[in-house]
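*Asks:* If it helps, the file is called target.cif and holds mmCIF, C-alpha atoms and all ligand atoms:
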data_upload
#
loop_
_atom_site.label_atom_id
_atom_site.label_comp_id
_atom_site.auth_asym_id
_atom_site.auth_seq_id
_atom_site.Cartn_x
_atom_site.Cartn_y
_atom_site.Cartn_z
CA MET I 5 17.68 -28.18 -3.34
CA PRO I 6 16.55 -24.73 -2.26
CA ASN I 7 14.55 -24.55 0.90
CA PHE I 8 12.54 -21.40 1.31
CA ARG I 9 10.37 -20.31 4.20
CA LEU I 10 7.21 -18.26 4.25
CA GLY I 11 7.95 -14.68 5.27
CA GLN I 12 5.99 -12.46 7.62
CA ARG I 13 3.85 -11.02 4.83
CA SER I 14 2.97 -14.48 3.57
CA GLU I 15 2.06 -15.67 7.05
CA SER I 16 -0.29 -12.77 7.69
CA ASN I 17 -1.92 -13.19 4.30
CA LEU I 18 -2.61 -16.85 5.11
CA VAL I 19 -4.67 -15.95 8.18
CA GLY I 20 -8.24 -17.14 7.66
CA VAL I 21 -7.43 -19.11 4.51
CA ASN I 22 -8.91 -22.62 4.26
CA PRO I 23 -6.62 -25.01 6.22
CA GLU I 24 -6.31 -27.47 3.32
CA LEU I 25 -5.07 -24.72 1.03
CA VAL I 26 -2.69 -23.43 3.72
CA LYS I 27 -1.20 -26.94 3.97
CA VAL I 28 -0.61 -26.97 0.21
CA VAL I 29 1.12 -23.55 0.32
CA ARG I 30 3.30 -24.65 3.25
CA ARG I 31 4.38 -27.78 1.40
CA ALA I 32 4.90 -25.86 -1.85
CA ILE I 33 7.35 -23.40 -0.26
CA GLU I 34 9.49 -26.40 0.79
CA ILE I 35 9.76 -27.79 -2.70
CA THR I 36 9.57 -24.78 -5.03
CA PRO I 37 12.74 -23.89 -6.96
CA VAL I 38 11.64 -20.21 -6.93
CA ASP I 39 10.82 -18.36 -3.70
CA PHE I 40 7.37 -16.75 -3.56
CA THR I 41 5.24 -14.48 -1.39
CA VAL I 42 1.57 -14.91 -0.57
CA ILE I 43 0.35 -11.49 -1.70
CA GLU I 44 -3.35 -12.08 -1.04
CA GLY I 45 -5.51 -14.58 0.78
CA VAL I 46 -8.89 -13.78 2.26
CA ARG I 47 -10.65 -10.84 0.67
CA THR I 48 -13.62 -8.98 2.12
CA LYS I 49 -16.64 -8.31 -0.09
CA ALA I 50 -15.79 -4.60 0.12
CA ARG I 51 -12.27 -5.27 -1.14
CA GLN I 52 -13.61 -7.41 -3.98
CA GLN I 53 -16.03 -4.60 -4.89
CA GLU I 54 -13.11 -2.14 -4.94
CA LEU I 55 -11.16 -4.44 -7.28
CA TRP I 56 -14.25 -4.90 -9.45
CA ASP I 57 -14.77 -1.14 -9.76
CA GLN I 58 -11.18 -0.64 -10.89
CA GLY I 59 -11.21 -0.29 -14.69
CA ARG I 60 -15.01 -0.11 -14.75
CA THR I 61 -16.44 2.73 -12.69
CA LYS I 62 -13.05 3.85 -11.37
CA PRO I 63 -9.75 4.51 -13.11
CA GLY I 64 -7.20 1.78 -13.60
CA LYS I 65 -6.72 -1.51 -15.33
CA ILE I 66 -9.29 -4.29 -14.93
CA VAL I 67 -7.91 -6.73 -12.38
CA THR I 68 -10.81 -9.05 -11.64
CA TRP I 69 -13.46 -10.78 -13.68
CA THR I 70 -15.79 -11.89 -10.95
CA MET I 71 -17.63 -10.67 -7.89
CA ARG I 72 -17.83 -14.27 -6.67
CA SER I 73 -14.12 -14.72 -6.10
CA LYS I 74 -13.02 -17.70 -4.03
CA HIS I 75 -10.86 -15.24 -2.12
CA ILE I 76 -14.01 -14.12 -0.28
CA GLU I 77 -14.51 -17.65 1.09
CA GLY I 78 -10.81 -18.04 1.89
CA LYS I 79 -10.46 -20.69 -0.79
CA ALA I 80 -7.90 -18.85 -2.94
CA VAL I 81 -4.39 -17.44 -2.62
CA ASP I 82 -2.26 -15.27 -4.88
CA LEU I 83 1.42 -16.18 -5.01
CA LEU I 84 4.04 -13.84 -6.46
CA PRO I 85 7.46 -15.28 -7.33
CA VAL I 86 10.41 -13.19 -6.07
CA THR I 87 11.43 -12.73 -9.68
CA GLY I 88 8.41 -10.44 -10.19
CA TRP I 89 5.33 -10.15 -12.34
CA ASP I 90 6.86 -10.52 -15.79
CA ASN I 91 8.53 -13.88 -15.50
CA LEU I 92 6.02 -16.49 -16.65
CA GLU I 93 8.58 -19.28 -16.21
CA SER I 94 8.79 -18.50 -12.49
CA PHE I 95 5.02 -18.59 -12.20
CA LYS I 96 5.13 -21.98 -13.89
CA SER I 97 7.75 -23.22 -11.42
CA VAL I 98 5.63 -22.08 -8.48
CA SER I 99 2.62 -23.72 -10.10
CA LYS I 100 4.49 -27.01 -10.45
CA ALA I 101 5.36 -26.93 -6.76
CA MET I 102 1.75 -26.11 -5.85
CA PHE I 103 0.39 -29.02 -7.88
CA GLN I 104 2.99 -31.43 -6.54
CA ALA I 105 2.14 -30.36 -2.98
CA ALA I 106 -1.59 -30.65 -3.67
CA ASN I 107 -1.12 -34.14 -5.10
CA GLU I 108 0.91 -35.28 -2.10
CA LEU I 109 -1.79 -33.99 0.23
CA GLY I 110 -4.74 -35.20 -1.80
CA VAL I 111 -6.11 -31.69 -2.29
CA LYS I 112 -7.58 -30.59 -5.62
CA ILE I 113 -6.54 -27.13 -6.82
CA VAL I 114 -6.94 -24.98 -9.91
CA TRP I 115 -4.47 -22.43 -11.33
CA GLY I 116 -5.61 -19.06 -12.67
CA ALA I 117 -3.26 -19.30 -15.65
CA ASP I 118 -4.66 -22.68 -16.67
CA TRP I 119 -8.23 -22.95 -15.41
CA ASN I 120 -9.03 -26.11 -17.34
CA GLY I 121 -5.74 -27.81 -16.48
CA ASN I 122 -4.69 -28.53 -20.06
CA SER I 123 -1.23 -26.92 -19.67
CA VAL I 124 -1.98 -24.37 -22.38
CA GLN I 125 -2.34 -20.66 -21.63
CA GLU I 126 -5.53 -19.73 -23.42
CA LYS I 127 -7.44 -16.47 -23.62
CA GLY I 128 -8.63 -15.48 -20.15
CA GLU I 129 -6.12 -17.78 -18.50
CA ASN I 130 -3.89 -14.98 -17.32
CA ASP I 131 -4.29 -14.89 -13.54
CA SER I 132 -0.85 -16.38 -12.95
CA PRO I 133 -0.57 -15.71 -9.19
CA HIS I 134 -3.99 -17.24 -8.46
CA PHE I 135 -4.58 -20.71 -7.01
CA GLU I 136 -7.88 -21.88 -5.61
CA LEU I 137 -9.45 -25.02 -4.22
CA SER I 138 -11.33 -26.84 -6.93
CA ALA I 139 -15.11 -26.86 -6.34
ZN ZN B 201 -6.50 -14.53 -6.80
#
Would you kindly transcribe this structure into structure tokens?
Ligand SMILES: [Zn+2]
*Replies:*
Amino acid sequence: MPNFRLGQRSESNLVGVNPELVKVVRRAIEITPVDFTVIEGVRTKARQQELWDQGRTKPGKIVTWTMRSKHIEGKAVDLLPVTGWDNLESFKSVSKAMFQAANELGVKIVWGADWNGNSVQEKGENDSPHFELSA
């Protein structure tokens, strides 16, 4: 059984994140088979605006679909498996750990690669690093 620990970058990105969600991430890192890094937690409105502009009024690829991201309220985290961006299986493993942790702790979460929780990756369900507290 692997036993990973949150690194420095993960810890600083968890600052200001909703305590319930932080608990889930801390439990998930204990049980995940694939190590991960918290690459984003709380986002300022200005940062969200910057991301929104990318691919619209500024060059680049579109990376966000909303200006009302739960990141602004500290109710979302983005987790990147150590295996990188292209390994969907690793994202799935991290997701499994997140949902197991959330279940144990009685916290309801949603995954950006499966917004409706039906285990099928449909159109628009491609935000694999993204987990947020369910409304
Ligand atoms: Zn996100």
*Asks:* Rank I:Lys79, I:Arg72, I:Arg51, I:Lys62 by their smallest atom-to-atom distance to Leu18 in chain I, using only C-alpha atoms, and report the top residue only.
*Replies:* I:Lys79
*Asks:* Report as an MDAnalysis selection string all protein, DNA and RNA residues lying within 9 Å of Asp118 in chain I, evaluated on only C-alpha atoms, omitting residues in the same chain fewer than 3 positions from it.
*Replies:* chainID I and resid 114:115 121:126 128:132
*Asks:* Counting only C-alpha atoms and all ligand atoms, what are the residues, protein, DNA or RNA alike, that approach ligand ZN 201 (chain B) to within 12 Å? I want them as a PyMOL selection string.
*Replies:* chain I and resi 42-47+52+55+67-84+114-117+130-137
*Asks:* Between CA of Phe40 in chain I and CA of Val86 in chain I, what is the spacing in Å?
*Replies:*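 So the two atoms, CA of Val86 in chain I and CA of Phe40 in chain I, lie 5.3 Å apart.
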*Asks:* Point out the residue among I:Glu24, I:Asp39, I:Glu34, I:Glu15 with the least atom-to-atom distance to Pro85 in chain I, counting all atoms listed in the file.
*Replies:* I:Asp39
*Asks:* Mind pulling up the distance from CA of Pro37 in chain I to CA of Phe95 in chain I?
*Replies:* 10.7 Å
*Asks:* Using CA of Pro63 in chain I and CA of Ser14 in chain I as the two end points, give the distance in Å to one decimal.
*Replies:*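 A separation of 28.3 Å between them.
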*Asks:* Compile the contact shell of Ala101 in chain I as a PyMOL selection string: residues with an atom at most 9 Å away, counting all atoms listed in the file, same-chain residues fewer than 3 positions apart removed.
*Replies:* chain I and resi 29+31-37+96-98+104-106
*Asks:* So, counting all atoms listed in the file, which residue among I:Asn22, I:Gln12, I:Asn7, I:Val38 is closest to Lys100 in chain I?
*Replies:*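 Looking at the shortest contact to Lys100 in chain I, the residue is I:Val38.
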*Asks:* Find the residues around Glu108 in chain I up to 10 Å (only C-alpha atoms counted), leave out those fewer than 5 positions away in its own chain, and share them as a list in words.
*Replies:*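 Once the nearby chain positions are removed, what remains is Val28, Arg31, Met102 and Phe103 of chain I.
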